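Enquirer: This is start.pdb (PDB, C-alpha atoms).
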MODEL        1
ATOM      1  CA  MET C  18       0.000   0.000   0.000
ATOM      2  CA  ARG C  19       1.351   3.388  -0.975
ATOM      3  CA  SER C  20       1.228   6.238   1.555
ATOM      4  CA  MET C  21       0.868   9.788   0.274
ATOM      5  CA  VAL C  22       0.376  13.375   1.427
ATOM      6  CA  VAL C  23      -1.652  16.163  -0.173
ATOM      7  CA  GLY C  24      -1.780  19.753   1.002
ATOM      8  CA  PHE C  25      -4.082  22.708   0.479
ATOM      9  CA  VAL C  26      -2.791  26.222   1.201
ATOM     10  CA  PHE C  27      -5.370  28.955   1.746
ATOM     11  CA  CYS C  28      -5.262  32.756   1.818
ATOM     12  CA  ASP C  29      -8.097  35.287   1.528
ATOM     13  CA  ASN C  30     -10.693  32.789   0.274
ATOM     14  CA  LYS C  31      -8.273  31.339  -2.316
ATOM     15  CA  VAL C  32      -6.578  27.958  -2.468
ATOM     16  CA  ALA C  33      -3.366  27.037  -4.326
ATOM     17  CA  LEU C  34      -3.909  23.977  -6.526
ATOM     18  CA  VAL C  35      -1.880  22.240  -9.212
ATOM     19  CA  ARG C  36      -3.241  21.690 -12.743
ATOM     20  CA  LYS C  37      -2.237  18.065 -13.279
ATOM     21  CA  LYS C  38      -0.717  16.615 -16.446
ATOM     22  CA  ARG C  39       0.029  13.203 -14.959
ATOM     23  CA  PRO C  40      -1.174  10.543 -14.423
ATOM     24  CA  GLU C  41      -3.354  10.348 -17.512
ATOM     25  CA  TRP C  42      -6.663  10.025 -15.647
ATOM     26  CA  MET C  43      -5.867  13.263 -13.771
ATOM     27  CA  SER C  44      -4.681  15.257 -16.811
ATOM     28  CA  GLY C  45      -6.223  18.736 -16.922
ATOM     29  CA  LEU C  46      -7.734  18.481 -13.444
ATOM     30  CA  LEU C  47      -6.953  20.560 -10.370
ATOM     31  CA  ASN C  48      -5.642  18.784  -7.298
ATOM     32  CA  GLY C  49      -3.768  19.553  -4.114
ATOM     33  CA  VAL C  50       0.028  19.522  -4.074
ATOM     34  CA  GLY C  51       1.673  16.415  -2.716
ATOM     35  CA  GLY C  52       3.332  13.107  -3.324
ATOM     36  CA  GLY C  53       4.574   9.913  -1.769
ATOM     37  CA  ILE C  54       5.816   9.475   1.759
ATOM     38  CA  GLU C  55       9.420   8.287   1.443
ATOM     39  CA  SER C  56      11.236   5.913   3.789
ATOM     40  CA  PHE C  57      13.402   8.782   5.057
ATOM     41  CA  ASP C  58      10.405  10.947   6.025
ATOM     42  CA  LYS C  59      10.084  10.805   9.822
ATOM     43  CA  THR C  60       6.339  11.472   9.725
ATOM     44  CA  PRO C  61       3.638  12.395   7.212
ATOM     45  CA  LEU C  62       4.113  16.033   8.323
ATOM     46  CA  TYR C  63       7.786  15.920   7.306
ATOM     47  CA  ALA C  64       6.714  14.464   3.955
ATOM     48  CA  MET C  65       4.182  17.277   3.463
ATOM     49  CA  ILE C  66       6.747  19.985   4.213
ATOM     50  CA  ARG C  67       9.271  18.326   1.873
ATOM     51  CA  GLU C  68       6.819  17.697  -0.979
ATOM     52  CA  TYR C  69       5.473  21.247  -0.936
ATOM     53  CA  LYS C  70       8.931  22.739  -0.941
ATOM     54  CA  GLU C  71      10.045  20.419  -3.770
ATOM     55  CA  GLU C  72       6.996  21.088  -5.896
ATOM     56  CA  CYS C  73       6.358  24.771  -5.179
ATOM     57  CA  GLY C  74       9.669  26.117  -3.904
ATOM     58  CA  VAL C  75       8.001  27.430  -0.743
ATOM     59  CA  GLU C  76       8.529  25.993   2.721
ATOM     60  CA  ILE C  77       5.244  25.895   4.598
ATOM     61  CA  THR C  78       5.568  24.727   8.204
ATOM     62  CA  GLY C  79       2.112  25.546   9.565
ATOM     63  CA  TRP C  80       0.427  22.403   8.259
ATOM     64  CA  ASN C  81      -2.469  20.773  10.081
ATOM     65  CA  ALA C  82      -3.442  17.187   9.227
ATOM     66  CA  TYR C  83      -7.223  17.117   9.021
ATOM     67  CA  CYS C  84      -8.188  14.017   7.020
ATOM     68  CA  PHE C  85      -6.885  10.492   6.476
ATOM     69  CA  LEU C  86      -8.252   8.647   3.465
ATOM     70  CA  ASN C  87      -7.859   4.888   3.260
ATOM     71  CA  CYS C  88      -8.369   3.541  -0.260
ATOM     72  CA  SER C  89      -7.962   0.035  -1.625
ATOM     73  CA  ASP C  90      -4.398   0.587  -2.848
ATOM     74  CA  SER C  91      -3.218   3.707  -1.011
ATOM     75  CA  CYS C  92      -3.685   5.897   2.017
ATOM     76  CA  VAL C  93      -3.531   9.669   1.919
ATOM     77  CA  TYR C  94      -2.937  12.206   4.663
ATOM     78  CA  PHE C  95      -4.557  15.538   3.819
ATOM     79  CA  PHE C  96      -3.120  18.738   5.281
ATOM     80  CA  ARG C  97      -4.286  22.341   5.380
ATOM     81  CA  ALA C  98      -2.356  25.547   5.955
ATOM     82  CA  PHE C  99      -3.451  29.161   6.178
ATOM     83  CA  VAL C 100      -0.797  31.682   5.201
ATOM     84  CA  ARG C 101      -0.285  35.408   4.792
ATOM     85  CA  LYS C 102      -0.684  36.976   1.362
ATOM     86  CA  GLU C 103       3.071  37.512   0.848
ATOM     87  CA  ILE C 104       3.672  33.769   1.341
ATOM     88  CA  PHE C 105       0.682  32.749  -0.807
ATOM     89  CA  GLU C 106       1.880  34.897  -3.706
ATOM     90  CA  LYS C 107       5.164  32.950  -3.782
ATOM     91  CA  ILE C 108       3.286  29.733  -4.578
ATOM     92  CA  ILE C 109       3.432  30.091  -8.352
ATOM     93  CA  ARG C 110       5.275  27.124  -9.752
ATOM     94  CA  ALA C 111       5.414  23.374  -9.693
ATOM     95  CA  ASP C 112       8.769  21.617  -9.917
ATOM     96  CA  ASN C 113       7.857  20.198 -13.307
ATOM     97  CA  ASP C 114       5.716  21.322 -16.224
ATOM     98  CA  GLU C 115       2.534  21.424 -14.148
ATOM     99  CA  GLU C 116       1.149  24.821 -13.152
ATOM    100  CA  ILE C 117      -0.008  26.147  -9.792
ATOM    101  CA  GLU C 118      -3.248  28.117  -9.866
ATOM    102  CA  HIS C 119      -4.783  30.319  -7.168
ATOM    103  CA  ILE C 120      -8.484  29.507  -7.245
ATOM    104  CA  GLU C 121     -11.292  31.365  -5.478
ATOM    105  CA  VAL C 122     -12.862  28.767  -3.206
ATOM    106  CA  SER C 123     -16.343  29.982  -4.180
ATOM    107  CA  ASN C 124     -15.531  29.274  -7.860
ATOM    108  CA  LEU C 125     -14.141  25.799  -7.285
ATOM    109  CA  PHE C 126     -17.390  24.087  -8.298
ATOM    110  CA  ASN C 127     -16.950  25.579 -11.813
ATOM    111  CA  GLU C 128     -13.448  24.118 -12.214
ATOM    112  CA  LYS C 129     -12.373  20.767 -13.622
ATOM    113  CA  LYS C 130     -10.975  18.993 -10.592
ATOM    114  CA  VAL C 131     -10.402  15.655  -8.954
ATOM    115  CA  SER C 132     -13.855  14.830  -7.581
ATOM    116  CA  ASN C 133     -12.827  14.536  -3.945
ATOM    117  CA  LEU C 134     -11.945  18.250  -3.850
ATOM    118  CA  SER C 135     -15.700  18.869  -3.702
ATOM    119  CA  TRP C 136     -15.684  17.644  -0.096
ATOM    120  CA  LEU C 137     -12.006  17.940   0.903
ATOM    121  CA  ILE C 138     -11.856  21.733   0.453
ATOM    122  CA  PRO C 139     -15.012  22.463   2.509
ATOM    123  CA  LEU C 140     -13.773  20.019   5.146
ATOM    124  CA  ALA C 141     -10.416  21.833   5.274
ATOM    125  CA  LEU C 142     -12.203  25.140   5.795
ATOM    126  CA  ASP C 143     -14.484  23.805   8.525
ATOM    127  CA  GLU C 144     -13.200  25.425  11.718
ATOM    128  CA  THR C 145     -15.071  22.901  13.849
ATOM    129  CA  ILE C 146     -12.802  20.101  12.584
ATOM    130  CA  THR C 147     -10.144  19.879  15.281
ATOM    131  CA  ASP C 148      -9.321  16.160  15.057
ATOM    132  CA  MET C 149      -8.363  14.008  12.104
ATOM    133  CA  VAL C 150     -11.321  12.783  10.058
ATOM    134  CA  PHE C 151     -10.902   9.161   8.910
ATOM    135  CA  VAL C 152     -12.505   8.082   5.627
ATOM    136  CA  ASN C 153     -12.577   4.623   4.036
ATOM    137  CA  ASP C 154     -13.408   4.848   0.350
ATOM    138  CA  SER C 155     -12.131   3.039  -2.712
ATOM    139  CA  THR C 156     -14.040   5.184  -5.227
ATOM    140  CA  THR C 157     -13.124   8.697  -4.165
ATOM    141  CA  PHE C 158     -10.461   9.402  -6.812
ATOM    142  CA  LYS C 159     -12.089  10.018 -10.161
ATOM    143  CA  ARG C 160     -12.766  12.742 -12.670
ATOM    144  CA  ASP C 161     -15.404  15.269 -11.631
TER     145      ASP C 161
ENDMDL
END
Could I get this structure in the form of structure tokens?

Expert:
Amino acid sequence: MRSMVVGFVFCDNKVALVRKKRPEWMSGLLNGVGGGIESFDKTPLYAMIREYKEECGVEITGWNAYCFLNCSDSCVYFFRAFVRKEIFEKIIRADNDEEIEHIEVSNLFNEKKVSNLSWLIPLALDETITDMVFVNDSTTFKRD
């Protein structure tokens, strides 16, 4: 089973998302920034900090793990971070040919996105969520 991390960074009702080119089923869709947890990562939090810095060139340390998704072939730790505008504006590139976009949260339903963003983003913004939410679902990753 593969373990992964995905992070959503928010500022002034916007979220930074990556426009995916790979894998094929995700091509053209928005998703959070993340990747695999490596053997040298001490914790999922360390993996999230590392992945975001690798992919976006910005070190975000104020992550909060808010959701754990257990799928048939992988598990994913979802993180959220709320940053100041000057930090958010630095999140403009991915480490490859994929692009980072700053999307108004209220416009997210109009965007082509991985389907689970429809519930992961509102969950991330829910201030009443103070503990990790655990979800078991083998069908949650698909085109919206």

Enquirer: May I ask which of the residues C:Leu46, C:Ile104, C:Cys88, C:Val26 is the closest one to Ala141 in chain C, counting all atoms listed in the file?

Expert: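 Using all atoms listed in the file, the shortest distance to Ala141 in chain C belongs to C:Val26.
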
Enquirer: Which of these residues is nearest to Asp148 in chain C, using only C-alpha atoms: C:Ile120, C:Val35, C:Phe85, C:Met43?

Expert: C:Phe85

Enquirer: Leaving out Trp80 in chain C and any residue of its chain fewer than 5 positions from it, which residues lie within 7 Å of it when counting all atoms listed in the file, given as a PyMOL selection string?

Expert: chain C and resi 96-98

Enquirer: C:Val32, C:Val23, C:Met18, C:Val100: which is nearest Pro139 in chain C, counting only C-alpha atoms?

Expert: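 That would be C:Val32, the residue with the smallest distance to Pro139 in chain C.
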
Enquirer: Can you sort out the box for range 48-61 of chain C, edges along x, y and z, all listed atoms in, 4 Å on every side, with centre and edge lengths in Å to one decimal, as lines of an AutoDock Vina configuration file?

Expert:
center_x = 3.9
center_y = 12.7
center_z = 1.3
size_x = 27.0
size_y = 21.6
size_z = 25.1

Enquirer: Ranking C:Ile138, C:Asp154, C:Thr147, C:Ser56 by minimum distance to Asn124 in chain C and counting all atoms listed in the file, which one comes first?

Expert: C:Ile138

Enquirer: Quick one: residues within 12 Å of Val93 in chain C, all atoms listed in the file counted, chain neighbours fewer than 2 positions away excluded, as a ChimeraX atom specification?

Expert: /C:18-24,49,51-54,61-62,64-65,82-91,95-96,137,150-155,157-158

Enquirer: CA of Val131 in chain C and CA of Asp114 in chain C, how far apart in Å?

Expert: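 So the two atoms, CA of Asp114 in chain C and CA of Val131 in chain C, lie 18.6 Å apart.
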
Enquirer: Using all atoms listed in the file, which protein or nucleic acid residues come within 12 Å of Lys129 in chain C? Drop anything in the same chain fewer than 2 positions from it, and give the result as an NGL selection string.

Expert: :C and (34-37 or 43-48 or 120 or 124-127 or 131-135 or 159-161)

Enquirer: Please compute the CA of Glu128 in chain C-CA of Cys28 in chain C distance, one decimal, in Å.

Expert: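 Between CA of Glu128 in chain C and CA of Cys28 in chain C the gap works out to 18.4 Å.
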
Enquirer: For CA of Gly79 in chain C and CA of Ser123 in chain C, determine how far apart the two atoms are, in Å to one decimal place.

Expert: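 CA of Gly79 in chain C sits 23.4 Å away from CA of Ser123 in chain C.
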
Enquirer: Which residue out of C:Trp42, C:Ile146, C:Tyr69, C:Thr78 has the minimum interatomic distance to Arg110 in chain C when all atoms listed in the file are used?

Expert: C:Tyr69

Enquirer: Tell me, as a list in words, which residues lie within 10 Å of Arg101 in chain C, counting only C-alpha atoms; anything in the same chain fewer than 5 positions away does not count.

Expert: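 So, after excluding close chain neighbours, the residues are Phe27, Cys28, Asp29 and Glu106 of chain C.
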
Enquirer: Could you list the residues chosen by the PyMOL selection byres ((chain C and resi 73) around 6) in this structure as a PDB file with C-alpha atoms, in the coordinates of the input?

Expert:
ATOM      1  CA  TYR C  69       5.473  21.247  -0.936  1.00  0.00           C
ATOM      2  CA  LYS C  70       8.931  22.739  -0.941  1.00  0.00           C
ATOM      3  CA  GLU C  71      10.045  20.419  -3.770  1.00  0.00           C
ATOM      4  CA  GLU C  72       6.996  21.088  -5.896  1.00  0.00           C
ATOM      5  CA  GLY C  74       9.669  26.117  -3.904  1.00  0.00           C
ATOM      6  CA  VAL C  75       8.001  27.430  -0.743  1.00  0.00           C
ATOM      7  CA  ILE C 108       3.286  29.733  -4.578  1.00  0.00           C
ATOM      8  CA  ARG C 110       5.275  27.124  -9.752  1.00  0.00           C
ATOM      9  CA  ALA C 111       5.414  23.374  -9.693  1.00  0.00           C
TER      10      ALA C 111
END

Enquirer: Please determine, counting all atoms listed in the file, which residue among C:Glu41, C:Glu103, C:Glu55, C:Glu144 has the shortest atom-to-atom distance to Arg67 in chain C.

Expert: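 Checking each candidate against Arg67 in chain C, we get C:Glu55 as the closest.
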
Enquirer: Since the input has fewer atoms than a full residue there, write range 99-125 of chain C out with N, CA and C atoms, as a PDB file, in the coordinates of the input.

Expert:
ATOM      1  N   PHE C  99      -2.937  27.819   6.433  1.00  0.00           N
ATOM      2  CA  PHE C  99      -3.451  29.161   6.178  1.00  0.00           C
ATOM      3  C   PHE C  99      -2.267  30.108   6.310  1.00  0.00           C
ATOM      4  N   VAL C 100      -2.005  30.857   5.235  1.00  0.00           N
ATOM      5  CA  VAL C 100      -0.797  31.682   5.201  1.00  0.00           C
ATOM      6  C   VAL C 100      -1.139  33.131   4.873  1.00  0.00           C
ATOM      7  N   ARG C 101      -0.169  33.998   5.144  1.00  0.00           N
ATOM      8  CA  ARG C 101      -0.285  35.408   4.792  1.00  0.00           C
ATOM      9  C   ARG C 101      -0.153  35.575   3.276  1.00  0.00           C
ATOM     10  N   LYS C 102      -0.663  36.696   2.801  1.00  0.00           N
ATOM     11  CA  LYS C 102      -0.684  36.976   1.362  1.00  0.00           C
ATOM     12  C   LYS C 102       0.711  36.935   0.742  1.00  0.00           C
ATOM     13  N   GLU C 103       1.724  37.491   1.426  1.00  0.00           N
ATOM     14  CA  GLU C 103       3.071  37.512   0.848  1.00  0.00           C
ATOM     15  C   GLU C 103       3.655  36.105   0.674  1.00  0.00           C
ATOM     16  N   ILE C 104       3.248  35.165   1.509  1.00  0.00           N
ATOM     17  CA  ILE C 104       3.672  33.769   1.341  1.00  0.00           C
ATOM     18  C   ILE C 104       2.879  33.138   0.202  1.00  0.00           C
ATOM     19  N   PHE C 105       1.566  33.337   0.205  1.00  0.00           N
ATOM     20  CA  PHE C 105       0.682  32.749  -0.807  1.00  0.00           C
ATOM     21  C   PHE C 105       1.110  33.155  -2.210  1.00  0.00           C
ATOM     22  N   GLU C 106       1.487  34.405  -2.380  1.00  0.00           N
ATOM     23  CA  GLU C 106       1.880  34.897  -3.706  1.00  0.00           C
ATOM     24  C   GLU C 106       3.163  34.260  -4.218  1.00  0.00           C
ATOM     25  N   LYS C 107       3.946  33.648  -3.356  1.00  0.00           N
ATOM     26  CA  LYS C 107       5.164  32.950  -3.782  1.00  0.00           C
ATOM     27  C   LYS C 107       4.868  31.557  -4.336  1.00  0.00           C
ATOM     28  N   ILE C 108       3.670  31.069  -4.111  1.00  0.00           N
ATOM     29  CA  ILE C 108       3.286  29.733  -4.578  1.00  0.00           C
ATOM     30  C   ILE C 108       2.817  29.861  -6.017  1.00  0.00           C
ATOM     31  N   ILE C 109       3.764  29.826  -6.946  1.00  0.00           N
ATOM     32  CA  ILE C 109       3.432  30.091  -8.352  1.00  0.00           C
ATOM     33  C   ILE C 109       3.978  29.053  -9.314  1.00  0.00           C
ATOM     34  N   ARG C 110       4.699  28.090  -8.813  1.00  0.00           N
ATOM     35  CA  ARG C 110       5.275  27.124  -9.752  1.00  0.00           C
ATOM     36  C   ARG C 110       5.249  25.719  -9.176  1.00  0.00           C
ATOM     37  N   ALA C 111       5.203  24.765 -10.063  1.00  0.00           N
ATOM     38  CA  ALA C 111       5.414  23.374  -9.693  1.00  0.00           C
ATOM     39  C   ALA C 111       6.826  23.026 -10.143  1.00  0.00           C
ATOM     40  N   ASP C 112       7.387  21.969  -9.600  1.00  0.00           N
ATOM     41  CA  ASP C 112       8.769  21.617  -9.917  1.00  0.00           C
ATOM     42  C   ASP C 112       8.910  20.965 -11.284  1.00  0.00           C
ATOM     43  N   ASN C 113       7.821  20.822 -11.983  1.00  0.00           N
ATOM     44  CA  ASN C 113       7.857  20.198 -13.307  1.00  0.00           C
ATOM     45  C   ASN C 113       7.055  21.083 -14.257  1.00  0.00           C
ATOM     46  N   ASP C 114       6.456  20.516 -15.255  1.00  0.00           N
ATOM     47  CA  ASP C 114       5.716  21.322 -16.224  1.00  0.00           C
ATOM     48  C   ASP C 114       4.254  21.548 -15.829  1.00  0.00           C
ATOM     49  N   GLU C 115       3.890  21.168 -14.629  1.00  0.00           N
ATOM     50  CA  GLU C 115       2.534  21.424 -14.148  1.00  0.00           C
ATOM     51  C   GLU C 115       2.466  22.821 -13.533  1.00  0.00           C
ATOM     52  N   GLU C 116       1.301  23.443 -13.614  1.00  0.00           N
ATOM     53  CA  GLU C 116       1.149  24.821 -13.152  1.00  0.00           C
ATOM     54  C   GLU C 116       0.356  24.896 -11.860  1.00  0.00           C
ATOM     55  N   ILE C 117       0.724  25.857 -11.018  1.00  0.00           N
ATOM     56  CA  ILE C 117      -0.008  26.147  -9.792  1.00  0.00           C
ATOM     57  C   ILE C 117      -0.996  27.268 -10.106  1.00  0.00           C
ATOM     58  N   GLU C 118      -2.227  27.099  -9.669  1.00  0.00           N
ATOM     59  CA  GLU C 118      -3.248  28.117  -9.866  1.00  0.00           C
ATOM     60  C   GLU C 118      -3.827  28.520  -8.521  1.00  0.00           C
ATOM     61  N   HIS C 119      -4.122  29.801  -8.370  1.00  0.00           N
ATOM     62  CA  HIS C 119      -4.783  30.319  -7.168  1.00  0.00           C
ATOM     63  C   HIS C 119      -6.262  30.452  -7.512  1.00  0.00           C
ATOM     64  N   ILE C 120      -7.075  29.613  -6.903  1.00  0.00           N
ATOM     65  CA  ILE C 120      -8.484  29.507  -7.245  1.00  0.00           C
ATOM     66  C   ILE C 120      -9.347  30.069  -6.110  1.00  0.00           C
ATOM     67  N   GLU C 121     -10.303  30.907  -6.458  1.00  0.00           N
ATOM     68  CA  GLU C 121     -11.292  31.365  -5.478  1.00  0.00           C
ATOM     69  C   GLU C 121     -12.082  30.137  -5.024  1.00  0.00           C
ATOM     70  N   VAL C 122     -12.151  29.935  -3.728  1.00  0.00           N
ATOM     71  CA  VAL C 122     -12.862  28.767  -3.206  1.00  0.00           C
ATOM     72  C   VAL C 122     -14.311  28.760  -3.686  1.00  0.00           C
ATOM     73  N   SER C 123     -14.950  29.916  -3.743  1.00  0.00           N
ATOM     74  CA  SER C 123     -16.343  29.982  -4.180  1.00  0.00           C
ATOM     75  C   SER C 123     -16.522  29.599  -5.648  1.00  0.00           C
ATOM     76  N   ASN C 124     -15.459  29.644  -6.446  1.00  0.00           N
ATOM     77  CA  ASN C 124     -15.531  29.274  -7.860  1.00  0.00           C
ATOM     78  C   ASN C 124     -15.086  27.841  -8.130  1.00  0.00           C
ATOM     79  N   LEU C 125     -14.706  27.134  -7.104  1.00  0.00           N
ATOM     80  CA  LEU C 125     -14.141  25.799  -7.285  1.00  0.00           C
ATOM     81  C   LEU C 125     -15.119  24.847  -7.969  1.00  0.00           C
TER      82      LEU C 125
END
